[in-house]
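Shown here: my_file-v4.cif, mmCIF, C-alpha atoms and all ligand atoms.
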data_target
loop_
_atom_site.label_atom_id
_atom_site.label_comp_id
_atom_site.auth_asym_id
_atom_site.auth_seq_id
_atom_site.Cartn_x
_atom_site.Cartn_y
_atom_site.Cartn_z
CA MET F 1 22.99 -21.38 -2.49
CA SER F 2 20.57 -22.44 -5.15
CA VAL F 3 19.29 -20.20 -7.90
CA ILE F 4 15.59 -20.62 -8.66
CA LYS F 5 14.89 -22.73 -11.73
CA GLN F 6 11.73 -22.99 -13.76
CA PRO F 7 10.19 -26.46 -13.74
CA SER F 8 11.04 -28.33 -16.90
CA ARG F 9 8.38 -30.07 -18.96
CA ARG F 10 9.95 -33.39 -17.99
CA ALA F 11 9.62 -32.67 -14.30
CA PHE F 12 5.89 -32.12 -14.75
CA LEU F 13 5.52 -35.29 -16.82
CA ARG F 14 7.24 -37.29 -14.13
CA GLY F 15 4.96 -35.59 -11.64
CA SER F 16 1.77 -36.56 -13.41
CA ALA F 17 2.98 -40.14 -13.82
CA ALA F 18 3.32 -40.30 -10.06
CA VAL F 19 -0.28 -39.15 -9.65
CA ALA F 20 -1.49 -41.87 -12.01
CA ALA F 21 0.31 -44.43 -9.86
CA GLY F 22 -1.75 -43.34 -6.89
CA ALA F 23 0.82 -41.33 -4.96
CA ALA F 24 0.12 -38.11 -3.09
CA GLY F 25 0.79 -35.75 -6.00
CA PRO F 26 3.59 -34.40 -8.15
CA VAL F 27 5.76 -34.06 -5.07
CA ALA F 28 6.26 -37.81 -5.25
CA ALA F 29 8.03 -37.37 -8.59
CA ALA F 30 11.36 -37.94 -6.96
CA ASP F 31 10.26 -41.00 -4.98
CA SER F 32 10.67 -43.86 -7.43
CA ALA F 33 7.95 -46.50 -7.99
CA ARG F 34 5.49 -46.17 -5.13
CA ARG F 35 3.29 -49.17 -4.42
CA PRO F 36 -0.48 -48.63 -4.86
CA ASP F 37 -1.83 -46.96 -1.77
CA PRO F 38 -4.36 -48.96 0.31
CA LEU F 39 -6.27 -45.74 1.03
CA ILE F 40 -7.33 -45.66 -2.61
CA THR F 41 -7.30 -49.33 -3.61
CA GLU F 42 -9.14 -50.84 -0.60
CA LEU F 43 -12.52 -50.18 1.00
CA GLN F 44 -12.36 -46.96 2.97
CA ASP F 45 -13.97 -46.60 6.37
CA TRP F 46 -15.94 -43.47 5.51
CA THR F 47 -17.85 -45.13 2.68
CA SER F 48 -19.52 -47.46 5.17
CA TYR F 49 -21.61 -44.92 7.10
CA THR F 50 -23.55 -41.74 6.40
CA GLY F 51 -22.22 -38.28 7.13
CA ALA F 52 -23.45 -35.25 9.07
CA GLY F 53 -26.97 -34.00 8.40
CA VAL F 54 -27.72 -30.47 7.27
CA ASP F 55 -29.29 -29.70 10.65
CA GLU F 56 -26.04 -30.24 12.55
CA THR F 57 -24.14 -27.07 11.59
CA PRO F 58 -26.47 -24.09 11.23
CA TYR F 59 -23.36 -21.91 11.12
CA GLY F 60 -20.36 -23.78 9.74
CA LEU F 61 -16.95 -23.85 11.37
CA PRO F 62 -13.68 -25.21 9.95
CA ILE F 63 -13.33 -29.01 10.14
CA PRO F 64 -11.41 -30.00 13.33
CA PHE F 65 -8.39 -31.12 11.24
CA GLU F 66 -7.80 -27.44 10.52
CA SER F 67 -7.88 -26.46 14.16
CA ASP F 68 -4.36 -25.03 14.05
CA VAL F 69 -5.42 -22.34 11.56
CA ILE F 70 -6.08 -19.79 14.27
CA ARG F 71 -5.06 -16.34 15.43
CA ARG F 72 -2.22 -16.41 17.90
CA ASN F 73 -0.76 -13.78 20.19
CA VAL F 74 2.75 -13.32 21.54
CA GLU F 75 2.35 -13.04 25.28
CA TRP F 76 5.51 -11.08 26.06
CA LEU F 77 4.63 -8.37 23.51
CA THR F 78 1.95 -6.63 25.56
CA ALA F 79 1.11 -6.34 29.23
CA SER F 80 -2.55 -7.25 28.92
CA PRO F 81 -4.74 -9.03 26.35
CA ILE F 82 -7.17 -6.07 26.58
CA ALA F 83 -4.69 -3.69 24.94
CA SER F 84 -3.04 -6.15 22.63
CA VAL F 85 -2.95 -7.88 19.27
CA ASN F 86 -3.27 -11.35 17.83
CA PHE F 87 -2.00 -12.36 14.41
CA THR F 88 -3.52 -13.72 11.19
CA PRO F 89 -2.27 -17.26 10.34
CA LEU F 90 -0.92 -16.13 6.96
CA HIS F 91 1.14 -19.31 6.56
CA ALA F 92 -2.01 -21.43 6.44
CA LEU F 93 -4.16 -19.31 4.09
CA ASP F 94 -4.19 -19.05 0.31
CA GLY F 95 -5.86 -16.71 -2.15
CA THR F 96 -6.32 -13.21 -0.80
CA ILE F 97 -9.48 -12.94 1.31
CA THR F 98 -9.01 -13.27 5.06
CA PRO F 99 -11.87 -15.07 6.80
CA GLN F 100 -13.06 -12.82 9.63
CA GLY F 101 -12.66 -15.63 12.17
CA CYS F 102 -8.89 -15.67 11.79
CA ALA F 103 -8.25 -12.03 10.84
CA PHE F 104 -5.93 -10.30 13.34
CA GLU F 105 -7.48 -8.14 16.07
CA ARG F 106 -5.94 -5.09 17.62
CA HIS F 107 -7.68 -3.31 20.47
CA HIS F 108 -6.63 -0.62 22.89
CA SER F 109 -9.34 -1.34 25.44
CA GLY F 110 -10.85 -4.65 24.37
CA ALA F 111 -13.62 -5.50 21.90
CA ILE F 112 -17.04 -4.22 22.90
CA MET F 113 -20.44 -5.78 22.27
CA LEU F 114 -22.64 -3.06 20.80
CA ARG F 115 -26.16 -3.84 19.56
CA LYS F 116 -27.31 -2.40 16.24
CA GLU F 117 -30.30 -0.89 18.07
CA ASP F 118 -27.97 1.00 20.40
CA TYR F 119 -25.62 2.12 17.64
CA ARG F 120 -25.40 5.86 16.83
CA LEU F 121 -23.07 7.84 14.57
CA MET F 122 -22.85 11.59 15.12
CA ILE F 123 -21.47 14.01 12.54
CA ASN F 124 -20.82 17.48 13.94
CA GLY F 125 -18.37 20.38 13.83
CA LEU F 126 -18.13 22.46 10.64
CA VAL F 127 -21.45 21.26 9.23
CA ASP F 128 -24.76 22.91 8.30
CA ARG F 129 -26.78 20.43 10.40
CA PRO F 130 -25.22 18.19 13.00
CA LEU F 131 -26.78 14.75 12.52
CA VAL F 132 -27.09 11.49 14.41
CA PHE F 133 -27.48 8.36 12.26
CA THR F 134 -28.89 5.05 13.44
CA TYR F 135 -27.70 1.79 11.91
CA GLU F 136 -30.86 1.66 9.80
CA ASP F 137 -30.29 5.22 8.58
CA ILE F 138 -26.85 4.24 7.28
CA GLU F 139 -28.33 1.27 5.40
CA ARG F 140 -30.54 3.65 3.37
CA PHE F 141 -27.60 5.34 1.62
CA PRO F 142 -26.18 3.94 -1.64
CA ARG F 143 -23.58 1.35 -0.75
CA GLU F 144 -20.51 -0.11 -2.48
CA ASN F 145 -18.30 -3.21 -2.24
CA HIS F 146 -14.51 -3.01 -2.16
CA VAL F 147 -11.71 -5.37 -1.15
CA TYR F 148 -9.01 -3.66 0.91
CA PHE F 149 -6.14 -4.69 3.17
CA CYS F 150 -5.94 -3.32 6.70
CA GLU F 151 -2.38 -3.36 8.07
CA CYS F 152 -1.41 -2.18 11.54
CA ALA F 153 1.50 0.28 11.36
CA ALA F 154 3.25 -1.95 13.92
CA ASN F 155 3.22 -4.96 11.57
CA THR F 156 6.80 -6.29 11.26
CA GLY F 157 7.80 -3.69 13.90
CA MET F 158 9.58 -6.26 16.06
CA GLU F 159 11.92 -6.99 13.16
CA TRP F 160 13.67 -3.58 13.06
CA ALA F 161 16.26 -4.70 15.58
CA GLY F 162 16.98 -8.06 13.95
CA ALA F 163 15.28 -11.30 12.93
CA GLN F 164 13.07 -11.96 15.95
CA LEU F 165 9.82 -13.84 15.52
CA ASN F 166 9.95 -17.22 13.84
CA GLY F 167 6.86 -17.33 11.69
CA VAL F 168 5.14 -15.22 9.06
CA GLN F 169 2.06 -15.19 11.29
CA PHE F 170 4.05 -13.17 13.84
CA THR F 171 6.31 -11.12 11.56
CA HIS F 172 3.56 -10.11 9.09
CA GLY F 173 0.22 -11.24 10.54
CA MET F 174 -1.06 -7.80 11.58
CA ILE F 175 -2.85 -7.60 8.25
CA HIS F 176 -6.15 -8.76 6.88
CA ASN F 177 -7.93 -8.35 3.56
CA MET F 178 -11.71 -8.35 3.29
CA GLU F 179 -14.48 -7.35 0.97
CA TYR F 180 -16.29 -4.48 2.69
CA THR F 181 -19.83 -3.34 2.10
CA GLY F 182 -20.37 0.22 3.16
CA VAL F 183 -21.52 3.73 2.37
CA PRO F 184 -18.95 6.19 0.98
CA LEU F 185 -18.17 8.57 3.83
CA ARG F 186 -18.63 11.55 1.48
CA LEU F 187 -22.36 10.76 1.20
CA LEU F 188 -22.88 11.01 4.97
CA LEU F 189 -20.80 14.18 5.09
CA ARG F 190 -22.94 15.68 2.34
CA GLU F 191 -26.11 14.74 4.23
CA ALA F 192 -24.88 16.75 7.21
CA GLY F 193 -23.87 19.64 4.94
CA ALA F 194 -20.27 19.30 6.02
CA ARG F 195 -17.71 21.73 4.68
CA THR F 196 -15.28 19.67 2.62
CA ASP F 197 -12.53 22.16 1.72
CA ASP F 198 -9.15 20.48 1.27
CA ASN F 199 -7.58 22.26 4.24
CA LEU F 200 -10.14 20.77 6.66
CA TRP F 201 -9.86 17.60 8.72
CA LEU F 202 -12.20 15.23 10.35
CA TYR F 203 -11.70 13.63 13.69
CA ALA F 204 -13.11 10.10 13.90
CA GLU F 205 -13.60 8.29 17.19
CA GLY F 206 -14.89 4.92 18.35
CA ALA F 207 -17.46 3.99 20.99
CA ASP F 208 -15.04 1.86 23.05
CA ALA F 209 -13.28 3.09 26.20
CA SER F 210 -10.09 3.95 24.27
CA SER F 211 -12.09 5.85 21.60
CA ASN F 212 -9.00 5.54 19.35
CA GLY F 213 -9.52 9.03 17.91
CA ARG F 214 -7.77 9.93 14.67
CA SER F 215 -7.54 13.04 12.46
CA ILE F 216 -8.05 12.36 8.77
CA PRO F 217 -7.41 14.96 6.06
CA MET F 218 -10.61 15.90 4.22
CA ALA F 219 -9.20 14.95 0.79
CA LYS F 220 -8.85 11.33 1.93
CA ALA F 221 -12.22 11.30 3.67
CA VAL F 222 -14.10 12.32 0.51
CA ASP F 223 -11.95 10.18 -1.78
CA ASP F 224 -12.37 6.50 -0.85
CA CYS F 225 -13.22 6.13 2.87
CA LEU F 226 -16.16 3.84 3.62
CA VAL F 227 -18.50 3.60 6.57
CA ALA F 228 -18.66 -0.20 6.48
CA PHE F 229 -21.07 -2.62 8.07
CA LYS F 230 -20.34 -5.90 6.29
CA ALA F 231 -17.12 -7.81 5.70
CA ASN F 232 -16.87 -10.78 3.33
CA GLY F 233 -20.64 -10.64 2.92
CA GLU F 234 -21.65 -10.96 6.55
CA ALA F 235 -21.94 -8.61 9.50
CA LEU F 236 -18.64 -7.37 10.89
CA ARG F 237 -17.48 -9.55 13.74
CA MET F 238 -17.47 -7.93 17.17
CA GLU F 239 -13.69 -7.76 17.18
CA HIS F 240 -13.62 -5.90 13.86
CA GLY F 241 -16.01 -3.17 15.03
CA TYR F 242 -19.58 -4.49 14.84
CA PRO F 243 -21.84 -2.97 13.78
CA VAL F 244 -19.96 -0.17 11.92
CA ARG F 245 -16.31 0.64 11.29
CA LEU F 246 -14.43 3.17 9.24
CA VAL F 247 -12.43 1.84 6.28
CA VAL F 248 -9.48 4.05 5.25
CA PRO F 249 -8.03 2.24 2.19
CA GLY F 250 -4.26 1.88 2.02
CA TRP F 251 -3.71 3.85 5.24
CA GLU F 252 -2.44 2.53 8.57
CA GLY F 253 -4.82 0.26 10.48
CA ASN F 254 -5.08 2.58 13.47
CA MET F 255 -7.15 5.02 11.38
CA TRP F 256 -9.74 2.34 10.65
CA VAL F 257 -11.84 3.34 13.67
CA LYS F 258 -14.01 0.49 14.94
CA TRP F 259 -17.44 0.94 16.58
CA LEU F 260 -17.42 4.34 14.80
CA ARG F 261 -19.29 6.78 17.05
CA ARG F 262 -18.50 10.32 16.00
CA ILE F 263 -17.01 12.33 13.18
CA GLU F 264 -16.25 15.98 13.82
CA ILE F 265 -15.27 18.32 11.00
CA VAL F 266 -12.40 20.46 12.30
CA ASP F 267 -10.06 23.02 10.81
CA THR F 268 -6.89 21.60 12.29
CA ALA F 269 -5.60 18.12 13.19
CA VAL F 270 -6.42 17.16 16.78
CA GLU F 271 -2.99 15.53 17.40
CA SER F 272 -4.44 12.84 19.63
CA ARG F 273 -2.41 10.23 21.48
CA GLU F 274 -2.76 7.75 18.62
CA GLU F 275 -1.19 10.14 16.12
CA THR F 276 1.57 11.66 18.23
CA SER F 277 3.12 9.48 20.90
CA LYS F 278 1.89 6.34 19.09
CA TYR F 279 2.04 5.34 15.42
CA THR F 280 4.72 7.97 14.77
CA ASP F 281 8.26 7.23 13.63
CA VAL F 282 11.10 8.81 15.58
CA TYR F 283 14.32 9.33 13.63
CA GLU F 284 17.85 8.76 14.92
CA ASP F 285 18.15 12.43 15.99
CA GLY F 286 14.95 12.23 18.03
CA ILE F 287 12.86 14.21 15.54
CA ALA F 288 9.53 12.57 14.79
CA ARG F 289 8.30 12.13 11.24
CA LYS F 290 4.88 13.78 11.26
CA TRP F 291 2.01 11.77 9.72
CA THR F 292 2.87 8.50 8.08
CA TRP F 293 -0.49 7.40 6.83
CA VAL F 294 0.04 5.39 3.65
CA MET F 295 1.38 1.87 4.02
CA ASP F 296 4.18 1.50 1.46
CA ALA F 297 4.49 -1.51 -0.86
CA LYS F 298 5.43 -4.72 0.90
CA SER F 299 5.43 -8.47 0.29
CA VAL F 300 6.28 -11.68 2.09
CA ILE F 301 6.59 -15.36 1.23
CA THR F 302 4.00 -17.31 3.19
CA SER F 303 5.10 -20.74 1.97
CA PRO F 304 7.68 -22.07 2.51
CA SER F 305 8.10 -20.23 5.82
CA PRO F 306 8.99 -21.23 9.39
CA GLN F 307 5.45 -22.46 10.11
CA ARG F 308 5.16 -24.03 6.63
CA PRO F 309 8.19 -26.29 6.14
CA VAL F 310 8.69 -28.15 2.85
CA ARG F 311 7.57 -31.72 3.47
CA HIS F 312 8.68 -33.14 0.13
CA GLY F 313 12.11 -33.82 -1.32
CA PRO F 314 13.72 -32.20 -4.34
CA GLY F 315 11.42 -31.62 -7.30
CA PRO F 316 8.52 -29.32 -8.15
CA MET F 317 7.91 -26.75 -5.43
CA VAL F 318 5.43 -23.89 -5.24
CA ILE F 319 6.69 -20.73 -3.58
CA SER F 320 3.78 -18.48 -2.62
CA GLY F 321 3.15 -15.24 -0.84
CA LEU F 322 1.30 -11.94 -0.59
CA ALA F 323 2.04 -8.43 -1.82
CA TRP F 324 0.25 -5.14 -1.22
CA SER F 325 0.60 -1.38 -1.48
CA GLY F 326 -1.28 1.49 0.10
CA HIS F 327 -0.53 3.53 -3.03
CA GLY F 328 -2.51 1.36 -5.44
CA ARG F 329 -2.09 -1.90 -7.33
CA ILE F 330 0.80 -4.34 -7.22
CA ALA F 331 2.53 -4.26 -10.61
CA ARG F 332 5.07 -7.04 -10.10
CA VAL F 333 6.53 -9.34 -7.47
CA ASP F 334 10.05 -10.79 -7.72
CA VAL F 335 11.31 -13.79 -5.80
CA SER F 336 14.93 -14.62 -4.96
CA GLY F 337 16.37 -17.92 -3.76
CA ASP F 338 19.84 -16.54 -3.07
CA GLY F 339 19.22 -13.69 -0.68
CA GLY F 340 18.57 -11.01 -3.29
CA ILE F 341 21.44 -11.63 -5.73
CA THR F 342 19.24 -12.96 -8.54
CA TRP F 343 15.49 -12.43 -8.98
CA GLN F 344 12.67 -14.02 -10.92
CA THR F 345 9.29 -12.53 -11.61
CA ALA F 346 6.46 -14.37 -9.89
CA ARG F 347 3.05 -15.11 -11.36
CA LEU F 348 0.11 -13.22 -9.84
CA GLY F 349 -2.82 -15.40 -8.75
CA LYS F 350 -5.00 -12.78 -10.40
CA GLN F 351 -4.53 -9.17 -11.34
CA GLY F 352 -4.40 -7.29 -8.07
CA ASP F 353 -7.08 -4.90 -6.82
CA THR F 354 -6.04 -1.45 -5.67
CA LYS F 355 -4.98 -1.27 -1.98
CA ALA F 356 -5.70 -4.97 -1.56
CA LEU F 357 -3.64 -8.11 -1.02
CA THR F 358 -2.34 -9.74 -4.19
CA ARG F 359 -1.35 -13.42 -4.19
CA PHE F 360 1.78 -14.49 -6.05
CA TYR F 361 3.22 -17.87 -6.98
CA LEU F 362 6.56 -19.03 -8.33
CA ASP F 363 6.36 -22.58 -9.66
CA THR F 364 9.87 -23.85 -9.34
CA VAL F 365 12.01 -26.98 -9.02
CA TRP F 366 13.86 -27.33 -5.74
CA ASP F 367 17.21 -29.08 -6.00
CA GLY F 368 17.28 -29.74 -2.26
CA ALA F 369 20.01 -27.17 -1.59
CA PRO F 370 19.48 -24.47 1.09
CA MET F 371 17.88 -21.23 -0.09
CA LEU F 372 17.64 -17.66 1.17
CA LEU F 373 14.10 -16.90 0.11
CA GLN F 374 12.98 -13.31 -0.45
CA ALA F 375 10.14 -11.51 -2.21
CA ARG F 376 10.05 -7.87 -3.27
CA ALA F 377 6.96 -5.98 -4.37
CA ILE F 378 6.80 -3.25 -6.98
CA ASP F 379 3.62 -1.17 -7.08
CA GLU F 380 1.99 0.75 -9.90
CA THR F 381 3.83 3.94 -8.92
CA GLY F 382 7.14 2.15 -9.64
CA TYR F 383 8.11 2.06 -5.95
CA VAL F 384 10.28 -0.97 -5.09
CA GLN F 385 10.10 -2.58 -1.64
CA PRO F 386 13.44 -1.84 0.07
CA ALA F 387 16.01 -4.16 1.65
CA LYS F 388 16.15 -4.07 5.45
CA ASP F 389 19.50 -2.26 5.60
CA ARG F 390 18.34 0.45 3.22
CA LEU F 391 15.26 1.09 5.34
CA ARG F 392 17.40 1.24 8.51
CA GLU F 393 19.70 3.79 6.86
CA LYS F 394 16.72 6.04 6.25
CA ARG F 395 14.81 5.59 9.50
CA GLY F 396 17.48 4.82 12.06
CA LYS F 397 17.38 2.55 15.07
CA ASN F 398 14.48 4.10 16.99
CA ALA F 399 11.95 2.95 14.46
CA VAL F 400 9.00 0.81 15.54
CA TYR F 401 6.28 1.40 12.95
CA HIS F 402 6.01 1.22 9.17
CA ASN F 403 8.56 -1.49 8.53
CA ASN F 404 8.04 -2.63 4.93
CA CYS F 405 11.45 -4.21 4.40
CA ILE F 406 12.21 -7.34 2.39
CA GLN F 407 11.89 -10.43 4.60
CA THR F 408 14.32 -13.37 4.36
CA TRP F 409 13.60 -17.01 5.19
CA TYR F 410 16.50 -19.49 5.29
CA LEU F 411 15.29 -22.80 3.91
CA ASN F 412 17.61 -25.66 4.86
CA SER F 413 18.02 -28.93 2.98
CA ASP F 414 15.62 -30.67 5.38
CA GLY F 415 12.92 -28.24 4.22
CA LEU F 416 12.80 -26.29 7.50
CA ALA F 417 12.64 -22.50 7.25
CA GLU F 418 13.92 -19.89 9.69
CA ASN F 419 13.67 -16.11 10.04
CA VAL F 420 17.11 -14.63 9.20
CA GLU F 421 18.71 -11.41 7.99
CA VAL F 422 21.12 -10.98 5.10
CA SER F 423 23.28 -7.97 4.40
N1 LIG F 501 -12.38 2.06 18.30
C1 LIG F 501 -11.23 1.48 18.03
N2 LIG F 501 -10.81 1.41 16.75
C2 LIG F 501 -9.65 0.82 16.44
C3 LIG F 501 -8.80 0.29 17.44
C4 LIG F 501 -9.26 0.35 18.80
O1 LIG F 501 -8.60 -0.11 19.73
N3 LIG F 501 -10.48 0.95 19.05
N4 LIG F 501 -7.57 -0.25 17.08
C5 LIG F 501 -7.00 0.26 15.82
C6 LIG F 501 -5.82 -0.40 15.38
S1 LIG F 501 -4.36 0.04 16.12
C7 LIG F 501 -5.81 -1.25 14.28
S2 LIG F 501 -4.39 -1.86 13.65
C8 LIG F 501 -7.09 -1.67 13.64
C9 LIG F 501 -7.22 -3.17 13.73
O2 LIG F 501 -8.41 -3.63 13.19
P1 LIG F 501 -8.89 -5.13 13.49
O3 LIG F 501 -8.97 -5.34 14.97
O4 LIG F 501 -10.15 -5.31 12.76
O5 LIG F 501 -7.82 -6.03 12.92
O6 LIG F 501 -8.22 -1.10 14.25
C10 LIG F 501 -8.04 0.25 14.70
N5 LIG F 501 -9.29 0.77 15.13
MO MO F 502 -2.58 -0.71 14.79
#

File written out as structure tokens:
Amino acid sequence: MSVIKQPSRRAFLRGSAAVAAGAAGPVAAADSARRPDPLITELQDWTSYTGAGVDETPYGLPIPFESDVIRRNVEWLTASPIASVNFTPLHALDGTITPQGCAFERHHSGAIMLRKEDYRLMINGLVDRPLVFTYEDIERFPRENHVYFCECAANTGMEWAGAQLNGVQFTHGMIHNMEYTGVPLRLLLREAGARTDDNLWLYAEGADASSNGRSIPMAKAVDDCLVAFKANGEALRMEHGYPVRLVVPGWEGNMWVKWLRRIEIVDTAVESREETSKYTDVYEDGIARKWTWVMDAKSVITSPSPQRPVRHGPGPMVISGLAWSGHGRIARVDVSGDGGITWQTARLGKQGDTKALTRFYLDTVWDGAPMLLQARAIDETGYVQPAKDRLREKRGKNAVYHNNCIQTWYLNSDGLAENVEVS
């Protein structure tokens, strides 16, 4: 098993020499003396005609060469695509923002098409004046922008039993990270004269057939919840709750009610289907853990990974991945090449935002030997992402949701990666 090494200065110098010789990049460092490449030294086809005009793509889509960067579902997971999930292609993305077009979708009764003109949000219950807001009403309140991750509690759930799905898209792709524009929920509550004592709750429900109702403690509602209508600068896509969804930062995706229709202030949790028989963790003895809202710190290597094999030989290699925590910022990410025996601290793409995805990189030199690749996240509270066995000890074998264990990829000497478990 190979221990991760830092790239030496010489390795980089060799790398840049290869670039000067017209090869594909530093990866060619190991390939000795490449001949000049005809694609750069001879006349290229695409210089001999003009390109697409600005009138051809009024709304741009990815170039066809990127057509495999798409959401995918796993057919055997659910009985019907109406109550199902598809997964974000994490292996193919970089940075932290998830484009809406490939951000995972999870619906209980399909995505509905709701016009802004027909949209209404009612706030009732323990309020001075029950109110109904139109979309335009919501736009007249002071709004804010925040980047947050949204992770389904079932993300990585299939992996409790053993290494199952061969790709980070499927093991970890029930997450997306967008910049939301929305009105702080507390402002709408204040408008309705809602009672906001700490012992109160609100019950939020959607306009779709499932309604996906969830009870949210008042302290969270008035802290950082947003009534959002834009994501990454543009209108929410239908599948993410157009025209308005609830954003519940750091908390399980199920609480992020889409097509938000009604908020009732109540003095006790409703204990709806979604917060009792679903999205609840049952321990070994059959007792259910009540309320698991916050998504604990977690990380995963997105490249190399089963869908992102290493296509170059030994030499400089970038290991990259994502880390996040529902408790705040990511403080540090460590990467191991030997299944968790030795660790090195990764470099963060930029200082992480609170409750948002953080990109990490480890710039290393691969010696061509097999590796057991792992990442572990440490958040600002000091919490360290646990190994799979440790999590199983605590939660038992009945667990489905809230799996934030350390993931292992076995990278073989051909550069192919596979989902495995180490203990
Ligand atoms: N109204 C409504 N809201 C909903 C759901 C739903 O089916 N209906 N699914 C929930 C679940 S389980 C998750 S994980 C997130 C997924 O959000 P996304 O589809 O934007 O990824 O939305 C939540 N909000
Ligand atoms: Mo979910």

Give me, as a ChimeraX atom specification, the set of residues whose atoms come within 8 Å of any atom of ligand LIG 501 (chain F), counting all atoms listed in the file. /F:83,85,103-111,150-154,174-176,205-213,239-241,245,252-260

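Closest approach to ligand MO 502 (chain F) among F:Pro306, F:Gly315, F:Gly157, F:Gly286: F:Gly157, based on only C-alpha atoms and all ligand atoms.
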
List as a PDB file with C-alpha atoms, keeping the file's coordinate frame the protein and nucleic acid residues near region 351-366 of chain F, meaning an atom at most 8 Å away when all atoms listed in the file are counted, but skip any in the same chain fewer than 2 places from it.
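The resulting file, part_6.pdb, is reproduced below:
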ATOM      1  CA  ILE F   4      15.590 -20.620  -8.660  1.00  0.00           C
ATOM      2  CA  LYS F   5      14.890 -22.730 -11.730  1.00  0.00           C
ATOM      3  CA  GLN F   6      11.730 -22.990 -13.760  1.00  0.00           C
ATOM      4  CA  PRO F   7      10.190 -26.460 -13.740  1.00  0.00           C
ATOM      5  CA  ASP F  94      -4.190 -19.050   0.310  1.00  0.00           C
ATOM      6  CA  GLY F  95      -5.860 -16.710  -2.150  1.00  0.00           C
ATOM      7  CA  THR F  96      -6.320 -13.210  -0.800  1.00  0.00           C
ATOM      8  CA  ILE F  97      -9.480 -12.940   1.310  1.00  0.00           C
ATOM      9  CA  VAL F 147     -11.710  -5.370  -1.150  1.00  0.00           C
ATOM     10  CA  TYR F 148      -9.010  -3.660   0.910  1.00  0.00           C
ATOM     11  CA  PHE F 149      -6.140  -4.690   3.170  1.00  0.00           C
ATOM     12  CA  ASN F 177      -7.930  -8.350   3.560  1.00  0.00           C
ATOM     13  CA  PRO F 249      -8.030   2.240   2.190  1.00  0.00           C
ATOM     14  CA  GLY F 250      -4.260   1.880   2.020  1.00  0.00           C
ATOM     15  CA  PRO F 314      13.720 -32.200  -4.340  1.00  0.00           C
ATOM     16  CA  GLY F 315      11.420 -31.620  -7.300  1.00  0.00           C
ATOM     17  CA  PRO F 316       8.520 -29.320  -8.150  1.00  0.00           C
ATOM     18  CA  MET F 317       7.910 -26.750  -5.430  1.00  0.00           C
ATOM     19  CA  VAL F 318       5.430 -23.890  -5.240  1.00  0.00           C
ATOM     20  CA  ILE F 319       6.690 -20.730  -3.580  1.00  0.00           C
ATOM     21  CA  SER F 320       3.780 -18.480  -2.620  1.00  0.00           C
ATOM     22  CA  GLY F 321       3.150 -15.240  -0.840  1.00  0.00           C
ATOM     23  CA  LEU F 322       1.300 -11.940  -0.590  1.00  0.00           C
ATOM     24  CA  ALA F 323       2.040  -8.430  -1.820  1.00  0.00           C
ATOM     25  CA  TRP F 324       0.250  -5.140  -1.220  1.00  0.00           C
ATOM     26  CA  SER F 325       0.600  -1.380  -1.480  1.00  0.00           C
ATOM     27  CA  GLY F 326      -1.280   1.490   0.100  1.00  0.00           C
ATOM     28  CA  HIS F 327      -0.530   3.530  -3.030  1.00  0.00           C
ATOM     29  CA  GLY F 328      -2.510   1.360  -5.440  1.00  0.00           C
ATOM     30  CA  ARG F 329      -2.090  -1.900  -7.330  1.00  0.00           C
ATOM     31  CA  ILE F 330       0.800  -4.340  -7.220  1.00  0.00           C
ATOM     32  CA  ALA F 331       2.530  -4.260 -10.610  1.00  0.00           C
ATOM     33  CA  VAL F 333       6.530  -9.340  -7.470  1.00  0.00           C
ATOM     34  CA  VAL F 335      11.310 -13.790  -5.800  1.00  0.00           C
ATOM     35  CA  THR F 345       9.290 -12.530 -11.610  1.00  0.00           C
ATOM     36  CA  ALA F 346       6.460 -14.370  -9.890  1.00  0.00           C
ATOM     37  CA  ARG F 347       3.050 -15.110 -11.360  1.00  0.00           C
ATOM     38  CA  LEU F 348       0.110 -13.220  -9.840  1.00  0.00           C
ATOM     39  CA  GLY F 349      -2.820 -15.400  -8.750  1.00  0.00           C
ATOM     40  CA  GLY F 368      17.280 -29.740  -2.260  1.00  0.00           C
ATOM     41  CA  ALA F 369      20.010 -27.170  -1.590  1.00  0.00           C
TER      42      ALA F 369
END

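Between CA of Asp267 (chain F) and CA of Ile216 (chain F) lies a distance of 11.0 Å.
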
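Minimum atom-to-atom distance to Leu165 (chain F), evaluated using all atoms listed in the file, belongs to F:Gln407 out of F:Gln407, F:Ser336, F:Asn398, F:Thr342.
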
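When CA of Val54 (chain F) is paired with CA of Glu66 (chain F), their separation reads 20.4 Å.
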
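In this structure, CA of Glu418 (chain F) sits 21.8 Å away from CA of Arg390 (chain F).
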
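Each of F:Glu159, F:Tyr59, F:Ala269, F:Gly396 was checked against Asp285 (chain F) using all atoms listed in the file; the smallest atom-to-atom distance is that of F:Gly396.
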
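Of the residues under consideration (F:Glu380, F:Asp389, F:Met371, F:Leu189), F:Met371 shows the shortest atom-to-atom contact distance to Gly415 (chain F) when counting all atoms listed in the file.
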
Rank F:Glu274, F:Asp367, F:Glu117, F:Glu179 by their smallest atom-to-atom distance to ligand MO 502 (chain F), using all atoms listed in the file, and report the top residue only. F:Glu274

Residue contacts of Lys220 (chain F) (12 Å, only C-alpha atoms) excluding same-chain residues fewer than 4 positions away, as a ChimeraX atom specification: /F:184-186,196-202,215-216,224-226,247-251,255,293-294
